[in-house]
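S.K.: Shown below is the structure under consideration.
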Amino acid sequence: MSRQFRRAGPGEIESLLKIDPVAEKDTYRREYITRAVRAGECWVVCEADDPGVPLGYGCLDRSFFGEWFIPLVVVSSANRRSGVGRQIVSGLEQHAGAEKIFTSTNASNSPMRQLLTNLGYQHSGIVENLDPGDPELIFVKFLSRARIDRDGF
Ligand SMILES: CC(C)(COP(=O)(O)OP(=O)(O)OC[C@H]1O[C@@H](n2cnc3c(N)ncnc32)[C@H](O)[C@@H]1OP(=O)(O)O)[C@@H](O)C(=O)NCCC(=O)NCCS
């Protein structure tokens with residue numbers, strides 16, 4: 001089934017909050033998602049024939065030392081492992097249109113780490129002391145390099 005990647009609209013903040021189990025109990029996360037949508041920095045993937053129902057979403061901004069950064073990717077639990085996360089990250093890469101893009105995740109987050117490895121991200125540092133005993137791993141992808149690798153020029 002075909003899916004579309006599009007910018008989230010203010011009218012769907014509530015449905016995005018429902019997708020994310022963290023948002024249920026974390027006010028900071030709820031406020032962050034609300035701000036990101038209002039700033040036009042949040043993108044969703046949905047089925048082409050059901051465009052009003054987001055399957056997952058991701059955010060893109062320049063909060064990381066002025067570089068393009070993906071601070072958050074969330075796929076609804078019912079739609080995981082069907083390529084939605086990959087489509088969100090790839091869509092954000094295309095939208096950034098930059099030479100490189102950064103993201104990060106906890107060391108304990110094997111699904112996200114696997115997804116990033118799968119998409120060609122490289123390790124780019126580590127930040128201790130954000131979550132106790134669970135360092136934040138920074139990743140980068142060199143987008144122009146990836147194009148050269150893929151297209152051979
Ligand atoms: C991480 C997350 C976004 C992945 O989304 P997803 O839609 O399930 O991922 P995809 O189906 O696109 O998977 C792409 C690749 O990622 C890897 N992957 C995804 N989930 C995985 C899992 N549970 N175990 C191992 N590898 C996994 C695989 O390599 C997969 O490719 P494959 O299915 O061909 O093997 C999703 O699990 C999620 O929303 N988690 C909660 C929020 C979160 O932790 N976000 C990341 C930090 S901000």
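The chains in the structure tokens are called A, B, ... from first to last as shown; in each chain the residues are counted from 1, and the ligands are counted from 1 in the order shown.
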Would you please extract all helix (DSSP H, G or I) residues from segment 55-104 of chain A, as assigned by DSSP on the backbone, and give them as a list in words?
M.R.: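 The residues of segment 55-104 of chain A classed as helix (DSSP H, G or I) are Ser77, Ala78, Asn79, Val84, Gly85, Arg86, Gln87, Ile88, Val89, Ser90, Gly91, Leu92, Glu93, Gln94, His95 and Ala96 of chain A.
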S.K.: Residues within 9 Å of ligand 1 should be enumerated using only C-alpha atoms and all ligand atoms and returned as a ChimeraX atom specification.
M.R.: /A:19-22,55-58,70-77,79-89,103-106,109-119
S.K.: Would you tabulate, counting only C-alpha atoms, all residues of segment 40-103 of chain A that have an atom at most 7 Å from an atom of segment 130-144 of chain A, showing the closest pair of atoms and their distance in Å to one decimal, sorted by chain then ascending number, as CSV?
M.R.:
residue,atom,partner,partner_atom,distance
A:Ala98,CA,A:Leu143,CA,6.8
A:Glu99,CA,A:Leu143,CA,5.0
A:Lys100,CA,A:Phe142,CA,4.3
A:Ile101,CA,A:Lys141,CA,5.4
A:Phe102,CA,A:Val140,CA,4.4
A:Thr103,CA,A:Phe139,CA,5.3
S.K.: Show me, as an mmCIF file with C-alpha atoms, in the first residue's frame, the residues that have an atom within 12 Å of Arg35 of chain A when counting only C-alpha atoms, minus same-chain residues fewer than 4 positions from it.
M.R.:
data_model
loop_
_atom_site.group_PDB
_atom_site.id
_atom_site.type_symbol
_atom_site.label_atom_id
_atom_site.label_comp_id
_atom_site.auth_asym_id
_atom_site.auth_seq_id
_atom_site.Cartn_x
_atom_site.Cartn_y
_atom_site.Cartn_z
ATOM 1 C CA ALA A 8 1.937 17.805 10.189
ATOM 2 C CA GLY A 9 -0.839 20.345 10.629
ATOM 3 C CA PRO A 10 -1.876 22.040 13.895
ATOM 4 C CA ILE A 13 -1.413 17.578 17.457
ATOM 5 C CA TYR A 28 7.873 18.357 28.323
ATOM 6 C CA ARG A 29 7.343 15.916 25.417
ATOM 7 C CA ARG A 30 3.780 17.141 24.868
ATOM 8 C CA GLU A 31 4.934 20.741 24.792
ATOM 9 C CA ALA A 39 6.848 25.697 13.896
ATOM 10 C CA GLY A 40 6.352 23.473 10.821
ATOM 11 C CA GLU A 41 9.134 21.153 12.018
ATOM 12 C CA CYS A 42 7.075 17.975 12.344
ATOM 13 C CA CYS A 59 10.830 16.224 13.699
ATOM 14 C CA ASP A 61 15.295 21.290 13.108
#
S.K.: Give the strand (DSSP E or B) residues of segment 7-144 of chain A, as assigned by DSSP on the backbone, as JSON, numbers by chain.
M.R.: {"A": [7, 42, 43, 44, 45, 46, 47, 54, 55, 56, 57, 58, 59, 60, 61, 62, 63, 64, 67, 68, 69, 70, 71, 72, 73, 74, 75, 100, 101, 102, 103, 104, 105, 106, 122, 123, 124, 125, 126, 127, 136, 137, 138, 139, 140, 141, 142]}
S.K.: Rounded to one decimal place, report the atom CA of His123 of chain A-atom CA of Trp43 of chain A distance in Å.
M.R.: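 Separating atom CA of His123 of chain A from atom CA of Trp43 of chain A is a distance of 24.5 Å.
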